[in-house]
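Below: the structure, in structure tokens.
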Amino acid sequence: MSHWNPRFEEMPAPELDRLQYRLLKTLAYRLYAFSPFYHARMRESGVHPDDIRSLEDVQKLPFMFKGDLRDNYPDRLFTVPHEELVRYHVSSGTTGKPTVVGYTEKDIELWTESLARALTSIGLTRGDVIQVSYGYGLFTGGLGLHYGAERIGATVLPTSVGNTERQIELMQDLGATAICCTPSYLLHIGEVAERMGIHLGRDTSLRAGILGAEPWTEEMRRHVQDWLGIRAYDIYGTSELSGPMFTECADQRGVHIWRDLALVEVIDPETGESLAPGERGELVLTMLQKEALPICRYRIGDVSSVKDGECSCGRAHPRIERITGRVDDMLIIRGINVFPSQIEHVLLGLSEVGEHFQIEVDRKGALDDMLVRVEVRKEAFSDKIADLMAIQRRVADRLKSVLNVAVRVELVEPGSLPRFEGKAKRVIDKRVL
Amino acid sequence: MRPDELEHLQLSRLRETIERVQHVPFYRDLLAQEGVRAEDIRTLEDLQRLPFTRKQDLRDGYPFGFFAVPLSRVVRIHTTSGTTGKPTVVGYTRGDLDRWSDLIARNLTMVGLTENDVFQNAVNMGMFTGGLGFHYGAEKVGMTVLPAGTGNTRRQIEMIDDFGVTAIHCTPSYAMHLAEVAEEMGSDLPSLKVGVFGAEPWSDATRNDLQDRLGVTAYDSYGLSELFGPGVAFECPEQDGLHIWHDSYLVEIIDPATGEQLGPGERGELVVTPLVKEAMPLIRYRTGDITMLLEDDCPCGRTRRIARFSGRVDDMLIIRGINVFPSQIEHILMALPEVGDQFMVYVDRNEHHLDEMTIHVEVKRQYFSGELADLARIQQKIVRTLRDTLELRTAVQLVEPGSLPRFEGKARRVVDRRTNV
Amino acid sequence: MTPDEFIIRQISVFSENRPGRLAAIAHALEEERVNIFAFSIAEASGFGVVRALVDKPEKAHARLTEDGFNVAFTDVIAVRMRDEPGGLYEVASMLGDTGINIEYSYAYSGPAGAVLILRVDRPAEAIERILSAGKELLSAAAFR
């Protein structure tokens, strides 16, 4: 497998350790000197850049939270003068002010570099036609992948989101070989294509999907790969890190985090303690070379773990497990933690129902009540009520065994649940807490 | 550059372009047929020996028929709506993107923007060349780019204030809307000083209005995807006609009926031969836009200008920055069994200064079930099909069969009720 | 009587939502000496459907079609209901309890009592249900 930047991608672990330590130390000094916010926070935690004497000392540095970015709206966390900014991206917050990310030329450069390595590691080259179906504009997905794909010399088809039939027509006519979009939008494209009599695997040149911006599962990957006949790769990143940054390599064994660009930790969200490889917790990222908006020990809120051991591709850059949920999206149902991704996982393992679902949480008396709506597949449909009830029971039993909490299941007609073109909003929480 | 130097450069680039189009079967055959070779072009006058290229030709080449380089050298594809059915595909090499963003950077620099400016790009990105075109151009100048896209107008205004935006790019009609909402919100947008408006025609009255209300100097920008995108022509601070970079575009004005070249001061169709396009070189491309060469030189000292655009030679409509041909609508309606072939298009400008297109169609008798819900479904289906193909939301009015005017001879199906923008 | 005889042909006319269209329909029916027992107008954005029960539906259909209107026959049923409070409830709840959906309805009330005209999703079942409950259905012949 070819490398976009062999110098960094093939660097052995000890050398990466030294490089990462040097970059971390520089970052600590830079923040102490140029970031009033982080300077104050370091002083509060009683830590000085001189205290960073090894890579492990990263744990001495204080955390940054999403709230810190919002509280310092729009640009009070920036550490460069405005003339050096070349771009802003803005991510809409669910509450209050949005999060604003500024970029220097070098920030854009390293973001693009990271994605050029990632796309190359999947096996994409200048011969590919890459359809970018993430939204363009303030959202980082569209422009991020656009720049990355352009950097490797591929032909970029900037379709952005929406008008699915046109997207399929262009994919077919212009010979797109890879598509970048959310996993739920790819499923939607697959369904619409089927209605148009087009099978993506057989009737188009598509062979890879680079899917992200919302959590998805191994089952979903298997489903996408079997059904659409293309390889599906996970991509990870948020606007605070610059945007989508990291993907799996062709071996599909977790998302590689380039160690010269980022330092990844996983912590216990309750105690803040670092967790060992393999242990699941909250991802914490430090961007080692980011200029305009420095990110140090940023608690991103995503649940994952660092994979143990080296990847079969030979890169010594650590891999993270696919994101299994949000620390703050986690639903607590009668005291039990439930991630929507677990439900998705169960549904994909059941042939009678579709992969789309909707969760409605309500409070019945003093108890939480969770209702999961799923679509019965046409093939499984029967006019015998008894058959449908058996399916309903099976879904409820499987969910209960995985979630450890009883849920109600409602079967609905195929195609009746909302499809999402962006991030899927599948949970309706009606509880008044 | 001195006129003779420029002419020399144009000539050598024209010859290169003719060499390049030899890789396109359409041109190879056409030039062979006309018996023209690159070495026959000795002066710029000889340009007239070359045949025209029309939008229809590009459409017939769908998808890659006009690419002069292998796909592996093409790094970007944009599409633009065609007159019927399939879109027109345009491709760019890395060098093309570089030259295109350079042209836009020159224009932005010409109106005084520098790396210290904050540029809000309030148009759609993606397939629309106006979005990524200005994004790359502004980035090349070194400005801070805010890729705002369209919609959420109150948010756009907050961003102008919060980020100290100094220049904005959008359609003139969206700028009018923006001005209105800003007034409602009580913001007079103190940081804003330059407005770059394009993708649809607009008048000097609109310019005065926008300048007053937004507190900007408003500049007209012109371009089309077939010629890279925006950046083909642009106003300088004199605001009196649009400059064309003659090193990159060879410009003629012709009589659309006879194809004869017209002199300065005579209005006709703009025909452009791009001189620096690699992936998709074109010869004498007929833009369909009506303008004229201005006789006098601009006080700014830059080369010859063209007048602001005053219409189209064909029936193309520009609705909210999107090109719509009545033939596209006809094509779509013909494919829908529920409605007849007759239709009327009404174009209005609503109270928010946004264009609205309403299409009247007749429901066929055999599809009238007597149920209101079925009619509403047919109406929705037409709206959806039109939106998917035109990339534009339109209103559809179902009318009684036989009530639409029938035309003998040339159909006048479009009623444009917009007052001059 | 067979259940089919209770199926009544209503005429439905597509009409644009603009002045003079209802007058045009009414005038055409007057010229054909067609009597209207009951009618209703349903409207959507920019257009509507005029529904009418008439004594000569075929004649009305032919004339309106000739005049360029889109006309269709729609099957409805007509129930006589008690012309006093609770009369409508009685009929509507009877159908609702059986799971029969009323797509639309309109009514008229005259010297011969109140009549409810119904468009339902399962007419055969509705007829059976109404008759078995001892209610009176008007036959198509009653409108001639």
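To be explicit about the labels: the chains of the structure tokens are called A, B, and onward in the order shown, and within each one the residues are counted from 1, while ligands get numbers from 1 in the order they are shown.
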Pull out every residue of chain A sitting within 7 Å of chain B, counting only C-alpha atoms, and send them as a list in words.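 Written out as asked, the residues are Pro74, Glu83, Leu85, Val86, Arg87, Tyr88, His89, Arg126, Gly127, Tyr136, Gly137, Leu138, Glu150, Gly153, Ala154, Thr155, Val156, Leu157, Pro158, Thr159, Ser160, Asn163, Arg166, Asp173 and Leu174 of chain A.
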Please build the interface table for chain B against chain C with a cut-off of 7 Å, listing for each qualifying residue the nearest atom pair and the distance in Å to one decimal; count only C-alpha atoms, order rows by chain and increasing number, and write it as a Markdown table.
| residue | atom | partner | partner_atom | distance |
| --- | --- | --- | --- | --- |
| B:Arg365 | CA | C:Asn70 | CA | 5.4 |
| B:Phe368 | CA | C:Asn70 | CA | 6.5 |
| B:Ser369 | CA | C:Ala72 | CA | 5.9 |
| B:Gly370 | CA | C:Ser12 | CA | 4.8 |
| B:Leu372 | CA | C:Val49 | CA | 6.1 |
| B:Gln397 | CA | C:Gly46 | CA | 6.2 |
| B:Leu398 | CA | C:Phe47 | CA | 6.6 |
| B:Val399 | CA | C:Glu16 | CA | 5.8 |
| B:Glu400 | CA | C:Ser15 | CA | 6.4 |
| B:Pro401 | CA | C:Gly68 | CA | 6.3 |
| B:Gly402 | CA | C:Gly68 | CA | 6.5 |
Could you write out, as number ranges by chain, all the residues of chain C that DSSP marks as helix (DSSP H, G or I)? C: 3-6, 21-31, 57-66, 87-98, 123-132, 140-143
I'd like the contact shell of Glu7 (chain B) - 12 Å cut-off, only C-alpha atoms, skipping same-chain residues fewer than 2 positions apart - returned as a VMD selection string. chain B and resid 1 to 5 9 to 14 42 to 45 246 to 250 303
Just how far from CA of Thr291 (chain B) is CA of Phe26 (chain B), in Å to one decimal?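 Between these atoms lies a distance of 28.3 Å.
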Distance query region 26-37 of chain C at most 8 Å, only C-alpha atoms, self and fewer than 3 positions along chain excluded, as a compact mmCIF listing (two decimals) with N, CA and C atoms, in the first residue's frame:
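Done, and the output landed in part04.txt:
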# COMPACT_ATOMS: atom_id res chain seq x y z
N LEU C 22 -67.35 28.75 -10.31
CA LEU C 22 -68.54 28.05 -9.82
C LEU C 22 -69.75 28.47 -10.64
N ALA C 23 -69.81 29.77 -10.99
CA ALA C 23 -70.92 30.27 -11.81
C ALA C 23 -70.94 29.54 -13.15
N ALA C 52 -70.79 17.30 -6.41
CA ALA C 52 -72.23 17.54 -6.42
C ALA C 52 -73.02 16.26 -6.61
N LEU C 53 -74.17 16.21 -5.94
CA LEU C 53 -75.14 15.14 -6.18
C LEU C 53 -76.23 15.75 -7.03
N VAL C 54 -76.45 15.18 -8.21
CA VAL C 54 -77.41 15.78 -9.14
C VAL C 54 -78.39 14.72 -9.61
N ASP C 55 -79.48 15.18 -10.21
CA ASP C 55 -80.48 14.20 -10.65
C ASP C 55 -80.07 13.51 -11.95
N LYS C 56 -79.27 14.19 -12.79
CA LYS C 56 -78.87 13.56 -14.06
C LYS C 56 -77.34 13.58 -14.17
N LYS C 59 -75.68 13.31 -17.76
CA LYS C 59 -75.89 14.51 -18.56
C LYS C 59 -74.95 15.64 -18.07
N ALA C 60 -74.86 15.75 -16.77
CA ALA C 60 -73.99 16.78 -16.19
C ALA C 60 -72.53 16.53 -16.59
N ARG C 63 -72.00 17.38 -20.34
CA ARG C 63 -72.02 18.82 -20.64
C ARG C 63 -70.76 19.52 -20.10
N LEU C 64 -70.41 19.19 -18.87
CA LEU C 64 -69.24 19.85 -18.28
C LEU C 64 -67.96 19.47 -19.02
N PHE C 143 -82.38 9.67 -6.32
CA PHE C 143 -81.88 10.97 -6.80
C PHE C 143 -82.20 11.22 -8.27
Test item: residues at most 8 Å from region 29-39 of chain A, only C-alpha atoms, excluding those fewer than 4 positions along its chain, as a PyMOL selection string: chain A and resi 25+43+48-49+77-79+294
Those residues with C-alpha atoms, as a PDB file, in the first residue's frame please?
ATOM      1  CA  LYS A  25       6.656  20.563  24.853  1.00  0.00           C
ATOM      2  CA  ARG A  43      -1.604  28.344  36.589  1.00  0.00           C
ATOM      3  CA  HIS A  48       4.378  24.996  34.090  1.00  0.00           C
ATOM      4  CA  PRO A  49       5.710  23.988  30.627  1.00  0.00           C
ATOM      5  CA  LEU A  77      -9.093  31.581  22.173  1.00  0.00           C
ATOM      6  CA  PHE A  78      -7.241  32.446  18.960  1.00  0.00           C
ATOM      7  CA  THR A  79      -3.502  32.883  19.367  1.00  0.00           C
ATOM      8  CA  PRO A 294      -4.882  25.624  19.727  1.00  0.00           C
TER       9      PRO A 294
END
Residue list (strand (DSSP E or B), DSSP) for region 68-263 of chain A, as a count of residues only: 46
Ranking C:Pro57, C:Gly87, C:Pro123, C:Gly113 by minimum distance to Asn101 (chain C) and counting only C-alpha atoms, which one comes first?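 Answer, going by the shortest atom-to-atom distance: C:Pro123.
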What's the 10 Å shell around Gly241 (chain B), counting only C-alpha atoms, without same-chain residues fewer than 5 positions away, as a list in words?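 Close residues of Gly241 (chain B): Tyr219, Asp220, Ala233, Phe234, Glu235, Cys236, Met292, Leu293, Leu294, Cys298, Arg304, Arg305, Ile306, Ala307, Arg308 and Phe309 of chain B.
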Atom-to-atom span, CA of Val36 (chain B) and CA of Phe67 (chain B), Å: 20.4 Å
Neighbours of region 316-325 of chain A within 7 Å (only C-alpha atoms; same-chain residues fewer than 4 positions away dropped), as a PyMOL selection string? chain A and resi 12-13+215+254-259+302-307+310+329-330+339+341
Deliver the residues from the most recent selection as a file, using N, CA and C atoms, as a tab-separated table (two decimals), in the first residue's frame.
chain	number	residue	atom	x	y	z
A	12	PRO	N	9.25	4.88	12.71
A	12	PRO	CA	9.08	3.88	13.76
A	12	PRO	C	8.64	4.51	15.08
A	13	ALA	N	8.06	3.69	15.95
A	13	ALA	CA	7.46	4.19	17.19
A	13	ALA	C	8.41	5.01	18.06
A	215	PRO	N	-22.05	8.63	14.33
A	215	PRO	CA	-21.55	7.30	14.70
A	215	PRO	C	-22.23	6.21	13.87
A	254	GLY	N	-9.64	0.30	12.32
A	254	GLY	CA	-9.65	1.44	13.22
A	254	GLY	C	-9.03	2.66	12.55
A	255	VAL	N	-9.39	3.82	13.09
A	255	VAL	CA	-8.99	5.09	12.49
A	255	VAL	C	-7.59	5.48	12.97
A	256	HIS	N	-6.65	5.65	12.04
A	256	HIS	CA	-5.28	6.04	12.39
A	256	HIS	C	-5.21	7.52	12.76
A	257	ILE	N	-4.61	7.79	13.91
A	257	ILE	CA	-4.39	9.18	14.32
A	257	ILE	C	-2.91	9.49	14.09
A	258	TRP	N	-2.61	10.41	13.18
A	258	TRP	CA	-1.21	10.73	12.86
A	258	TRP	C	-0.56	11.35	14.08
A	259	ARG	N	0.45	10.71	14.57
A	259	ARG	CA	1.06	11.16	15.82
A	259	ARG	C	1.81	12.47	15.73
A	302	ASP	N	-16.75	12.23	22.62
A	302	ASP	CA	-17.02	10.98	21.91
A	302	ASP	C	-16.50	9.80	22.71
A	303	VAL	N	-17.24	8.71	22.65
A	303	VAL	CA	-16.85	7.50	23.37
A	303	VAL	C	-16.10	6.56	22.43
A	304	SER	N	-14.88	6.15	22.82
A	304	SER	CA	-14.07	5.26	21.98
A	304	SER	C	-13.00	4.63	22.84
A	305	SER	N	-12.08	3.91	22.20
A	305	SER	CA	-10.92	3.38	22.91
A	305	SER	C	-9.76	3.35	21.93
A	306	VAL	N	-8.53	3.32	22.47
A	306	VAL	CA	-7.37	3.19	21.60
A	306	VAL	C	-7.12	1.70	21.42
A	307	LYS	N	-6.90	1.31	20.17
A	307	LYS	CA	-6.72	-0.12	19.90
A	307	LYS	C	-5.33	-0.56	20.32
A	310	GLU	N	-0.09	-3.04	16.93
A	310	GLU	CA	0.13	-2.33	15.68
A	310	GLU	C	-0.81	-2.80	14.60
A	329	ASP	N	-24.66	12.34	24.78
A	329	ASP	CA	-25.87	11.87	24.08
A	329	ASP	C	-26.42	10.63	24.74
A	330	MET	N	-25.61	10.11	25.64
A	330	MET	CA	-25.97	8.89	26.32
A	330	MET	C	-27.33	9.09	26.99
A	339	PHE	N	-26.80	3.80	24.62
A	339	PHE	CA	-26.34	4.57	23.47
A	339	PHE	C	-27.20	4.20	22.27
A	341	SER	N	-26.39	3.95	19.38
A	341	SER	CA	-25.62	3.06	18.49
A	341	SER	C	-25.80	1.59	18.85
So, with only C-alpha atoms as the atoms that count, which of B:Arg302, B:Glu266, B:Glu200, B:Val276 lies closest to Arg15 (chain B)? B:Val276
